[in-house]
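A.B. asks: Got query36.csv for you, CSV, C-alpha atoms:
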chain,number,residue,atom,x,y,z
M,497,MET,CA,-20.0,-22.1,-12.1
M,498,ASN,CA,-21.3,-19.2,-10.0
M,499,LYS,CA,-18.1,-19.1,-8.0
M,500,LEU,CA,-16.1,-19.1,-11.2
M,501,LEU,CA,-18.1,-16.2,-12.5
M,502,PHE,CA,-17.7,-14.2,-9.3
M,503,PHE,CA,-13.9,-15.0,-9.5
M,504,LEU,CA,-13.6,-13.8,-13.0
M,505,LEU,CA,-15.4,-10.5,-12.3
M,506,THR,CA,-13.6,-9.6,-9.1
M,507,LEU,CA,-10.1,-10.8,-10.2
M,508,SER,CA,-10.3,-9.8,-13.9
M,509,SER,CA,-8.1,-6.9,-13.0
M,510,VAL,CA,-4.5,-7.1,-14.4
M,511,GLY,CA,-3.2,-6.9,-10.8
M,512,SER,CA,-4.4,-9.9,-8.8
M,513,TYR,CA,-2.8,-8.7,-5.7
M,514,ALA,CA,-3.9,-5.6,-3.9
M,515,SER,CA,-3.0,-2.8,-1.5
M,516,LYS,CA,-4.1,0.5,-0.2
M,517,ALA,CA,-2.0,2.1,-2.9
M,518,ARG,CA,-3.8,0.2,-5.7
M,519,MET,CA,-7.3,0.7,-4.2
M,520,GLN,CA,-6.8,4.4,-3.8
M,521,ALA,CA,-5.8,4.7,-7.5
M,522,LEU,CA,-9.0,2.8,-8.4
M,523,ALA,CA,-11.4,5.0,-6.4
M,524,ASN,CA,-11.9,2.1,-3.9
M,525,SER,CA,-14.5,0.6,-6.2
M,526,PHE,CA,-16.2,-2.1,-4.1
M,527,HIS,CA,-16.2,-4.7,-6.9
M,528,PHE,CA,-12.5,-5.5,-6.5
M,529,VAL,CA,-11.4,-8.4,-4.3
M,530,ASP,CA,-8.5,-7.2,-2.4
M,531,ALA,CA,-6.3,-7.7,0.7
M,532,GLN,CA,-8.0,-4.5,2.0
M,533,THR,CA,-11.6,-5.7,1.4
M,534,VAL,CA,-11.0,-8.8,3.6
M,535,PHE,CA,-11.4,-6.5,6.6
M,536,LYS,CA,-15.0,-5.7,5.8
M,537,ARG,CA,-15.8,-8.8,3.7
M,538,PRO,CA,-13.8,-11.7,5.2
M,539,ILE,CA,-15.2,-14.1,2.6
M,540,ASP,CA,-13.0,-12.4,0.0
M,541,LEU,CA,-10.1,-14.3,1.5
M,542,ILE,CA,-11.1,-17.4,-0.5
M,543,TYR,CA,-10.2,-15.6,-3.8
M,544,LEU,CA,-6.7,-14.4,-2.7
M,545,ASP,CA,-3.4,-16.2,-3.5
M,546,ASN,CA,-0.5,-16.9,-1.3
M,547,PHE,CA,1.3,-13.6,-0.7
M,548,VAL,CA,3.2,-11.3,1.7
M,549,LEU,CA,2.1,-7.7,1.5
M,550,LEU,CA,4.0,-4.7,3.0
M,551,GLU,CA,2.5,-1.2,3.1
M,552,SER,CA,4.5,1.9,3.8
M,553,GLY,CA,3.4,4.4,6.4
M,554,ILE,CA,4.5,6.5,9.4
M,555,THR,CA,5.0,5.3,13.0
M,556,ALA,CA,2.7,7.9,14.5
M,557,ALA,CA,-0.2,7.5,12.1
M,558,THR,CA,-3.0,10.0,12.3
M,559,SER,CA,-5.5,8.2,10.1
M,560,ALA,CA,-6.3,4.8,8.6
M,561,GLN,CA,-4.5,5.8,5.4
M,562,ASP,CA,-1.0,6.8,6.6
M,563,ASN,CA,-0.2,3.8,8.8
M,564,SER,CA,2.2,1.0,7.9
M,565,GLU,CA,1.0,-2.5,7.8
M,566,ALA,CA,1.7,-6.1,6.6
M,567,MET,CA,-0.4,-9.1,5.6
M,568,LEU,CA,0.3,-12.8,5.0
M,569,SER,CA,-2.1,-15.1,3.2
M,570,TYR,CA,-1.6,-18.8,2.9
M,571,SER,CA,-3.6,-21.8,1.6
M,572,LEU,CA,-4.0,-25.0,3.7
M,573,LYS,CA,-5.6,-26.8,0.7
M,574,LYS,CA,-6.8,-30.3,1.6
M,575,ASN,CA,-8.3,-31.5,-1.7
M,576,ASP,CA,-9.6,-30.3,-5.1
M,577,SER,CA,-13.1,-29.6,-3.8
M,578,GLU,CA,-12.2,-27.9,-0.5
M,579,ASN,CA,-9.6,-25.2,0.3
M,580,HIS,CA,-8.8,-23.8,3.7
M,581,ARG,CA,-7.0,-20.5,3.9
M,582,ILE,CA,-5.6,-18.4,6.7
M,583,ALA,CA,-4.4,-14.8,6.8
M,584,ALA,CA,-2.8,-12.5,9.4
M,585,SER,CA,-2.5,-8.8,9.3
M,586,PHE,CA,-0.2,-6.6,11.5
M,587,GLY,CA,-0.7,-2.8,11.9
M,588,HIS,CA,-4.0,-2.4,10.0
M,589,GLN,CA,-6.2,0.4,11.4
M,590,GLU,CA,-9.7,-1.1,11.6
M,591,ALA,CA,-12.1,1.4,10.0
M,592,SER,CA,-15.0,0.5,12.3
M,593,VAL,CA,-12.8,1.5,15.3
M,594,ILE,CA,-11.1,4.5,13.8
M,595,GLU,CA,-14.2,6.2,12.3
M,596,ALA,CA,-15.8,6.5,15.7
M,597,ARG,CA,-12.6,7.7,17.4
M,598,GLN,CA,-11.9,10.3,14.7
M,599,PHE,CA,-15.5,11.6,14.9
M,600,ILE,CA,-15.3,12.2,18.6
M,601,LYS,CA,-11.8,13.7,18.4
M,602,GLY,CA,-12.9,16.1,15.7
M,603,LEU,CA,-16.0,17.1,17.7
M,604,SER,CA,-14.5,17.5,21.1
M,605,GLY,CA,-10.8,18.3,20.4
M,606,THR,CA,-9.8,15.5,22.7
M,607,ASN,CA,-6.7,13.6,21.6
M,608,ILE,CA,-8.0,10.0,21.1
M,609,GLU,CA,-5.3,7.6,20.0
M,610,LEU,CA,-5.6,5.2,17.0
M,611,GLN,CA,-5.2,1.5,17.6
M,612,GLN,CA,-1.8,0.5,18.9
M,613,ASN,CA,-0.1,-2.6,17.3
M,614,PRO,CA,-3.4,-4.0,16.0
M,615,LEU,CA,-3.6,-7.7,15.0
M,616,HIS,CA,-6.1,-9.3,12.6
M,617,LEU,CA,-6.5,-13.1,12.1
M,618,PHE,CA,-8.7,-14.7,9.4
M,619,TYR,CA,-9.8,-18.2,8.5
M,620,ALA,CA,-11.8,-19.2,5.5
M,621,VAL,CA,-13.1,-22.5,3.9
M,622,ASP,CA,-14.0,-22.6,0.3
M,623,ASP,CA,-16.0,-25.6,-1.0
M,624,ALA,CA,-18.4,-26.4,-3.9
M,625,VAL,CA,-21.6,-25.5,-2.0
M,626,THR,CA,-21.1,-22.9,0.7
M,627,SER,CA,-18.0,-21.0,1.6
M,628,TYR,CA,-17.5,-19.2,4.9
M,629,ALA,CA,-15.0,-17.1,6.8
M,630,VAL,CA,-14.3,-15.7,10.2
M,631,GLY,CA,-12.1,-12.9,11.4
M,632,LEU,CA,-10.9,-11.5,14.7
M,633,PHE,CA,-9.0,-8.3,15.6
M,634,TYR,CA,-7.4,-7.0,18.8
M,635,SER,CA,-5.3,-4.0,19.8
M,636,THR,CA,-4.2,-2.7,23.2
M,637,LYS,CA,-2.0,-0.1,25.0
M,638,ASP,CA,-1.7,0.4,28.7
M,639,GLU,CA,0.5,3.2,30.1
M,640,LYS,CA,0.5,2.6,33.8
M,641,LEU,CA,2.2,5.8,34.8
M,642,THR,CA,-0.2,8.2,33.2
M,643,GLY,CA,-3.3,6.0,33.0
M,644,LEU,CA,-3.5,6.4,29.2
M,645,LYS,CA,-5.0,3.3,27.7
M,646,GLU,CA,-6.6,2.0,24.5
M,647,SER,CA,-8.2,-1.3,23.6
M,648,SER,CA,-10.3,-2.7,20.8
M,649,ALA,CA,-11.6,-6.1,19.8
M,650,GLY,CA,-14.1,-7.4,17.2
M,651,LEU,CA,-15.5,-10.3,15.2
M,652,SER,CA,-16.3,-10.5,11.5
M,653,LEU,CA,-18.2,-13.3,9.6
M,654,GLY,CA,-18.8,-14.0,6.0
M,655,ALA,CA,-20.5,-16.5,3.7
M,656,GLU,CA,-21.0,-17.1,0.0
M,657,ILE,CA,-23.8,-19.2,-1.4
M,658,GLY,CA,-24.0,-19.2,-5.2
M,659,LYS,CA,-24.2,-15.6,-6.4
M,660,PHE,CA,-24.9,-14.2,-2.9
M,661,GLN,CA,-22.4,-13.0,-0.4
M,662,ILE,CA,-23.2,-11.8,3.2
M,663,SER,CA,-20.9,-10.3,5.8
M,664,ALA,CA,-21.2,-8.9,9.3
M,665,LEU,CA,-18.8,-7.1,11.6
M,666,TYR,CA,-19.3,-6.4,15.3
M,667,VAL,CA,-17.0,-4.4,17.5
M,668,SER,CA,-17.3,-5.6,21.1
M,669,MET,CA,-14.6,-3.3,22.6
M,670,ASN,CA,-13.4,0.1,21.5
M,671,SER,CA,-12.3,2.3,24.4
M,672,VAL,CA,-9.6,5.0,25.0
M,673,ARG,CA,-8.7,6.6,28.3
M,674,ALA,CA,-7.3,10.0,27.4
M,675,ALA,CA,-5.7,12.8,29.5
M,676,GLY,CA,-7.9,14.9,31.8
M,677,GLY,CA,-10.0,11.9,32.9
M,678,LYS,CA,-11.7,11.6,29.6
M,679,GLN,CA,-13.0,8.2,28.5
M,680,PHE,CA,-14.0,7.3,24.9
M,681,ASP,CA,-16.4,4.4,24.3
M,682,GLY,CA,-17.3,3.2,20.8
M,683,ALA,CA,-18.3,-0.4,21.5
M,684,GLY,CA,-21.3,-1.8,19.8
M,685,TYR,CA,-20.5,-0.9,16.2
M,686,LEU,CA,-22.3,-3.1,13.8
M,687,GLN,CA,-22.0,-3.5,10.1
M,688,ALA,CA,-24.1,-5.8,7.8
M,689,GLN,CA,-23.5,-6.3,4.1
M,690,ALA,CA,-25.1,-8.3,1.3
M,691,SER,CA,-24.2,-8.5,-2.3
M,692,TYR,CA,-25.5,-10.2,-5.4
M,693,LEU,CA,-23.7,-10.8,-8.8
M,694,SER,CA,-25.7,-10.6,-12.0
M,695,ASP,CA,-23.6,-11.2,-15.1
M,696,THR,CA,-20.8,-8.7,-14.8
M,697,THR,CA,-22.7,-6.3,-12.4
M,698,LEU,CA,-22.3,-6.5,-8.6
M,699,PHE,CA,-25.1,-5.1,-6.4
M,700,GLU,CA,-24.3,-4.4,-2.8
M,701,PHE,CA,-26.2,-3.1,0.2
M,702,THR,CA,-24.5,-2.1,3.4
M,703,PHE,CA,-25.8,-0.8,6.8
M,704,LYS,CA,-23.6,0.3,9.7
M,705,THR,CA,-24.5,1.8,13.0
M,706,SER,CA,-22.3,3.2,15.9
M,707,ARG,CA,-22.9,5.0,19.1
M,708,PRO,CA,-19.7,6.8,20.1
M,709,LYS,CA,-19.6,8.4,23.5
M,710,LEU,CA,-17.1,10.5,25.5
M,711,THR,CA,-17.3,10.9,29.3
M,712,THR,CA,-15.3,13.1,31.7
M,713,GLU,CA,-14.5,12.2,35.3
M,714,VAL,CA,-13.7,15.0,37.7
M,715,GLY,CA,-13.5,14.5,41.5
M,716,GLY,CA,-15.1,11.1,41.2
M,717,VAL,CA,-18.1,12.5,39.2
M,718,THR,CA,-18.6,11.2,35.7
M,719,THR,CA,-20.3,13.4,33.1
M,720,LEU,CA,-21.5,12.4,29.7
M,721,THR,CA,-19.8,14.9,27.4
M,722,GLU,CA,-20.6,13.6,23.9
M,723,SER,CA,-23.1,11.0,22.8
M,724,HIS,CA,-24.2,10.5,19.2
M,725,THR,CA,-25.9,7.8,17.1
M,726,HIS,CA,-24.4,7.4,13.6
M,727,ASP,CA,-26.2,5.4,11.0
M,728,VAL,CA,-25.2,4.9,7.3
M,729,ALA,CA,-27.1,2.9,4.6
M,730,THR,CA,-25.5,2.4,1.2
M,731,LEU,CA,-27.0,0.8,-1.9
M,732,GLY,CA,-24.7,0.5,-5.0
M,733,LEU,CA,-23.7,-1.3,-8.1
M,734,ALA,CA,-20.4,-1.7,-9.9
M,735,ASP,CA,-19.7,-3.2,-13.3
M,736,SER,CA,-16.4,-4.4,-14.8
M,737,ASN,CA,-15.4,-5.3,-18.4
M,738,THR,CA,-12.2,-6.6,-19.7
M,739,LEU,CA,-10.8,-5.6,-23.1
M,740,GLY,CA,-7.6,-7.4,-23.9
M,741,GLU,CA,-5.4,-6.9,-20.8
M,742,ASN,CA,-7.2,-3.7,-19.7
M,743,GLU,CA,-10.1,-3.5,-17.3
M,744,PHE,CA,-12.7,-0.8,-17.5
M,745,PHE,CA,-15.0,-0.3,-14.6
M,746,TRP,CA,-17.7,2.0,-13.3
M,747,GLY,CA,-20.1,2.2,-10.4
M,748,GLY,CA,-22.4,4.3,-8.3
M,749,GLN,CA,-24.0,4.4,-4.9
M,750,VAL,CA,-26.8,6.0,-3.0
M,751,VAL,CA,-25.5,6.9,0.5
M,752,SER,CA,-27.8,8.0,3.3
M,753,MET,CA,-26.3,9.2,6.5
M,754,ARG,CA,-28.1,10.2,9.7
M,755,ILE,CA,-26.6,11.3,12.9
M,756,ASN,CA,-28.7,11.8,16.0
M,757,CYS,CA,-27.1,14.2,18.5
M,758,ASN,CA,-27.9,13.0,22.1
M,759,HIS,CA,-25.3,15.0,24.1
M,760,LYS,CA,-23.0,17.7,22.8
M,761,ALA,CA,-20.5,19.6,25.0
M,762,SER,CA,-22.2,18.1,28.1
M,763,VAL,CA,-25.6,19.5,27.1
M,764,VAL,CA,-28.6,17.3,26.1
M,765,CYS,CA,-29.0,17.6,22.4
M,766,ASN,CA,-32.1,16.4,20.4
M,767,LYS,CA,-31.0,17.6,16.9
M,768,ILE,CA,-30.2,15.7,13.7
M,769,TYR,CA,-27.7,15.7,10.9
M,770,THR,CA,-28.6,14.1,7.5
M,771,ASN,CA,-26.8,13.7,4.2
M,772,THR,CA,-27.9,12.0,1.0
M,773,SER,CA,-25.4,11.7,-1.8
M,774,VAL,CA,-25.0,9.7,-5.0
M,775,PRO,CA,-21.2,9.2,-5.7
M,776,ALA,CA,-20.4,7.7,-9.1
M,777,TRP,CA,-17.1,6.7,-10.6
M,778,PHE,CA,-15.4,5.1,-13.5
M,779,GLY,CA,-11.8,4.1,-14.2
M,780,ILE,CA,-9.3,1.9,-16.0
M,781,GLU,CA,-6.5,-0.4,-15.1
M,782,ALA,CA,-4.3,-0.8,-18.1
M,783,GLN,CA,-1.4,-3.3,-18.7
M,784,ALA,CA,1.1,-1.1,-20.6
M,785,THR,CA,3.8,-3.7,-20.7
M,786,ASP,CA,4.5,-7.0,-19.0
M,787,TRP,CA,6.0,-5.2,-16.1
M,788,LEU,CA,4.1,-1.9,-16.0
M,789,VAL,CA,0.4,-1.2,-15.1
M,790,PHE,CA,-1.3,2.2,-15.2
M,791,ARG,CA,-4.4,2.9,-13.1
M,792,SER,CA,-6.7,5.9,-12.9
M,793,ALA,CA,-10.3,6.8,-11.9
M,794,ILE,CA,-12.5,9.8,-11.4
M,795,LYS,CA,-15.2,10.1,-8.8
M,796,GLN,CA,-18.0,12.6,-8.2
M,797,SER,CA,-21.2,13.0,-6.1
M,798,PHE,CA,-23.4,12.9,-9.2
M,799,LEU,CA,-26.1,15.6,-9.1
M,800,VAL,CA,-27.4,14.7,-5.6
M,801,ASN,CA,-25.5,15.8,-2.5
M,802,ILE,CA,-28.1,17.1,0.0
M,803,THR,CA,-27.2,18.1,3.6
M,804,LYS,CA,-29.2,19.3,6.5
M,805,ASP,CA,-27.3,20.0,9.7
M,806,ASP,CA,-29.2,21.3,12.8
M,807,VAL,CA,-26.3,20.4,15.1
M,808,CYS,CA,-23.5,22.5,13.7
M,809,TYR,CA,-21.0,19.6,13.4
M,810,PRO,CA,-17.4,20.8,12.5
M,811,ALA,CA,-15.6,19.7,9.4
M,812,ALA,CA,-13.0,17.9,11.6
M,813,ALA,CA,-15.8,15.5,12.7
M,814,ILE,CA,-17.7,15.1,9.4
M,815,SER,CA,-16.2,15.7,6.0
M,816,GLY,CA,-18.1,18.6,4.3
M,817,ALA,CA,-19.6,20.0,7.5
M,818,THR,CA,-19.1,23.7,8.3
M,819,GLY,CA,-19.6,24.1,12.0
M,820,ALA,CA,-22.8,26.0,11.3
M,821,ILE,CA,-26.5,25.3,10.7
M,822,VAL,CA,-26.7,24.1,7.1
M,823,ASP,CA,-29.5,23.3,4.6
M,824,LEU,CA,-27.8,22.4,1.3
M,825,GLY,CA,-29.9,21.3,-1.6
M,826,ALA,CA,-26.7,20.7,-3.6
M,827,GLY,CA,-23.2,20.4,-2.1
M,828,ALA,CA,-19.9,21.8,-3.2
M,829,ASN,CA,-17.7,20.3,-5.9
M,830,SER,CA,-16.5,16.8,-5.0
M,831,THR,CA,-14.8,15.7,-8.2
M,832,SER,CA,-11.6,13.9,-7.6
M,833,VAL,CA,-9.1,12.1,-9.9
M,834,THR,CA,-6.8,9.4,-8.7
M,835,ALA,CA,-4.0,7.7,-10.5
M,836,GLY,CA,-1.2,5.2,-9.8
M,837,VAL,CA,1.3,2.7,-11.3
M,838,GLY,CA,2.2,-0.9,-10.6
M,839,LEU,CA,5.6,-2.4,-11.4
M,840,LYS,CA,5.9,-6.2,-11.7
M,841,PHE,CA,9.1,-8.2,-11.5
M,842,LYS,CA,8.3,-11.9,-11.6
M,843,ASN,CA,6.6,-12.6,-8.3
M,844,LEU,CA,7.2,-9.2,-6.9
M,845,THR,CA,4.8,-6.2,-7.4
M,846,LEU,CA,5.4,-2.6,-6.4
M,847,ASP,CA,2.4,-0.3,-6.3
M,848,GLY,CA,2.5,3.5,-5.9
M,849,VAL,CA,0.0,6.4,-5.9
M,850,LEU,CA,0.3,9.5,-8.1
M,851,SER,CA,-2.5,11.4,-6.3
M,852,THR,CA,-4.9,10.9,-3.5
M,853,ALA,CA,-8.7,11.3,-3.3
M,854,SER,CA,-8.4,14.7,-1.7
M,855,THR,CA,-6.8,16.4,-4.8
M,856,GLN,CA,-7.6,17.0,-8.4
M,857,VAL,CA,-3.9,17.4,-9.3
M,858,LEU,CA,-1.8,14.5,-10.6
M,859,ASP,CA,1.6,15.0,-9.0
M,860,ALA,CA,4.5,12.6,-9.8
M,861,ARG,CA,6.3,13.9,-6.7
M,862,ASN,CA,3.7,12.0,-4.6
M,863,LEU,CA,4.5,8.7,-6.3
M,864,LEU,CA,5.8,7.2,-3.1
M,865,SER,CA,3.4,8.9,-0.7
M,866,GLN,CA,1.6,5.5,-0.5
M,867,LEU,CA,3.8,2.5,-1.4
M,868,ALA,CA,3.1,-1.2,-1.3
M,869,LEU,CA,5.3,-4.2,-1.9
M,870,THR,CA,3.7,-7.6,-2.6
M,871,TYR,CA,5.5,-11.0,-3.0
M,872,GLY,CA,3.4,-13.9,-4.3
M,873,PHE,CA,4.4,-17.5,-3.7
In structure tokens, how does this file's structure come out?

C.D. replies:
Amino acid sequence: MNKLLFFLLTLSSVGSYASKARMQALANSFHFVDAQTVFKRPIDLIYLDNFVLLESGITAATSAQDNSEAMLSYSLKKNDSENHRIAASFGHQEASVIEARQFIKGLSGTNIELQQNPLHLFYAVDDAVTSYAVGLFYSTKDEKLTGLKESSAGLSLGAEIGKFQISALYVSMNSVRAAGGKQFDGAGYLQAQASYLSDTTLFEFTFKTSRPKLTTEVGGVTTLTESHTHDVATLGLADSNTLGENEFFWGGQVVSMRINCNHKASVVCNKIYTNTSVPAWFGIEAQATDWLVFRSAIKQSFLVNITKDDVCYPAAAISGATGAIVDLGAGANSTSVTAGVGLKFKNLTLDGVLSTASTQVLDARNLLSQLALTYGF
């Protein structure tokens, strides 16, 4: 019964398939079960159907949002009480890897590549008592002539017992050898997550920690250029209600971020960056016709957005930073509106975004800026 309730909450949306395009339009509210949420909560795989998902993107992606990717999910059902499911994803940029690389890139100006041809594999077992899932990812590039190389690998685990879900993700390898003898190392990233469902409200706590570093080798001498400890704790809730074929949802979080600067520009640094914010959002996914779905959401750091920066982190490394010493009791405007549409043709679904989270303008010319094609079978 508990599993059924969780299923009804997380899949009550009129679109049971999911994509980056759909999640962007819905403010990435964490209560949705989605092909994208499997990467941080592998146990979500037990609620997905059989499908093939194709996401548009560019070949030389510069972030985890503009890359192309594909995913396949398939059930190996054995009996009515136990279901085994497998999934494979090609091209997905793992957030736990990319966040650390983008942080050091924005801080040092060093060109640190994203993952090259990443592969994710998942396996999940759903039964009447306890469900569990495991995921693996790997990427690599090795250019022998120039010595440029990137590699990453990690393991994710998840379990569901009644109304509780727990997940964990560990990155065992995250390295890039860049030009000029510079070596990035982001191994050791750890994320732990726990959630509890009460009626139609989902409570979730997440903690993640990383220690990205950059070294430079000149004449056989290695120097530690950048070293930082980045911790984020998040406590939130999200609620969803269905009226007819329309879903109304809202949510909020308390996000606490702390970055300890250990080395900056090859100099020992014992300074700290902290930020506390309370983002809140609400939205709707409405079934206009049998073949047309409208989605929209608004998100804002509600009243609280406190920042203290003694390090002078640049905006390229941390969103909202200024590159100067900051002591903000209330941050700048963060209100964003997102919207999108979904087109359904029997087993085929086409999702598009009308705007992204970085703008307050709905622009129909951006409809295909993020596009996803899903076929269910």

A.B. asks: With all atoms listed in the file as the basis for distance, which of M:Val774, M:Ala835, M:Leu844, M:Ala655 is at the shortest distance from Trp787 of chain M?

C.D. replies: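 For Trp787 of chain M, the nearest of the candidates is M:Leu844.
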
A.B. asks: Can you tell me which residues surround Thr770 of chain M at a distance of at most 6 Å, considering only C-alpha atoms, apart from same-chain residues fewer than 4 positions away, and format the answer as a list of chain:residue names?

C.D. replies: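 Near neighbours after the sequence-gap exclusion: M:Met753, M:Arg754, M:Thr803, M:Lys804.
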
A.B. asks: Residues around (-0.3, -17.1, 0.3), cut-off 8 Å, counting only C-alpha atoms - what are they as a PyMOL selection string?

C.D. replies: chain M and resi 544-548+568-571+872-873

A.B. asks: Dig up all the protein and nucleic acid residues within 7 Å of (3.5, 0.5, -14.1) in the file frame, using only C-alpha atoms, and format them as number ranges by chain.

C.D. replies: M: 787-790, 837-839

A.B. asks: For Tyr809 of chain M, find every residue with an atom within 9 Å (counting all atoms listed in the file), except residues of its own chain fewer than 5 positions away, and show them as a list in words.

C.D. replies: Leu603, Tyr769, Ile814, Ala817, Thr818, Gly819, Ala820 and Ile821 of chain M

A.B. asks: In terms of the shortest atom-to-atom distance over all atoms listed in the file, which of M:Leu693, M:Ala624, M:Ala521, M:Val534 is closest to Ser736 of chain M?

C.D. replies: M:Leu693

A.B. asks: What's the separation between atom CA of Ser797 of chain M and atom CA of Leu733 of chain M, in Å to one decimal place?

C.D. replies: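 Pair atom CA of Ser797 of chain M / atom CA of Leu733 of chain M returns 14.7 Å.
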
A.B. asks: Need the shell around segment 682-689 of chain M: protein/DNA/RNA residues with any atom at most 6 Å away, counting all atoms listed in the file. Skip same-chain ones fewer than 6 positions apart. Format as a list in words?

C.D. replies: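 In the requested form, the answer reads Ile662, Ser663, Ala664, Leu665, Tyr666, Val667, Ser668, Met669, Asn670, Phe701, Thr702, Phe703, Lys704, Thr705, Ser706 and Pro708 of chain M.
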
A.B. asks: Give the answer as one residue: which of M:Glu609, M:Asp735, M:Glu578, M:Asp727 has the shortest atom-to-atom distance to Thr636 of chain M, using only C-alpha atoms?

C.D. replies: M:Glu609

A.B. asks: Counting all atoms listed in the file, figure out which residue out of M:Val750, M:Val764, M:Ala596, M:Ala517 gets nearest to Ser792 of chain M.

C.D. replies: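 Among M:Val750, M:Val764, M:Ala596, M:Ala517, it is M:Ala517 that comes nearest to Ser792 of chain M.
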
A.B. asks: Let me make sure I understand: among M:Ser564, M:Gln796, M:Thr719, M:Ser552, which one has the smallest atom-to-atom distance to Val763 of chain M if we use only C-alpha atoms?

C.D. replies: M:Thr719

A.B. asks: What is the distance, in Å and to one decimal place, between atom CA of Thr870 of chain M and atom CA of Met519 of chain M?

C.D. replies: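 That distance, rounded to one decimal, is 13.9 Å.
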
A.B. asks: Between M:Leu824, M:Leu549, M:Leu867, M:Ala793, single out the one closest to Trp746 of chain M, counting only C-alpha atoms.

C.D. replies: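 Result for the nearest residue to Trp746 of chain M: M:Ala793.
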
A.B. asks: When you look at Glu743 of chain M with a cut-off of 6 Å (counting only C-alpha atoms), what residues show up, excluding the ones that are within fewer than 4 positions of it in the same chain? I need them as a ChimeraX atom specification.

C.D. replies: /M:509,737-738,780-781

A.B. asks: Keeping only C-alpha atoms, write the selected residues to a file as an mmCIF file, keeping the file's coordinate frame.

C.D. replies:
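As a result, result_24.cif now contains:
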data_model
loop_
_atom_site.group_PDB
_atom_site.id
_atom_site.type_symbol
_atom_site.label_atom_id
_atom_site.label_comp_id
_atom_site.auth_asym_id
_atom_site.auth_seq_id
_atom_site.Cartn_x
_atom_site.Cartn_y
_atom_site.Cartn_z
ATOM 1 C CA SER M 509 -8.100 -6.900 -13.000
ATOM 2 C CA ASN M 737 -15.400 -5.300 -18.400
ATOM 3 C CA THR M 738 -12.200 -6.600 -19.700
ATOM 4 C CA ILE M 780 -9.300 1.900 -16.000
ATOM 5 C CA GLU M 781 -6.500 -0.400 -15.100
#

A.B. asks: Take atom CA of Ser723 of chain M and atom CA of Gly677 of chain M and report the distance between them in Å, one decimal.

C.D. replies: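 So the two atoms, atom CA of Ser723 of chain M and atom CA of Gly677 of chain M, lie 16.6 Å apart.
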
A.B. asks: If you count only C-alpha atoms, which residues fall within 9 Å of Leu720 of chain M, apart from same-chain ones fewer than 6 positions away, as a list in words?

C.D. replies: Lys709, Leu710, Thr711, Thr712, Glu713, His759, Lys760, Ala761, Ser762 and Val763 of chain M
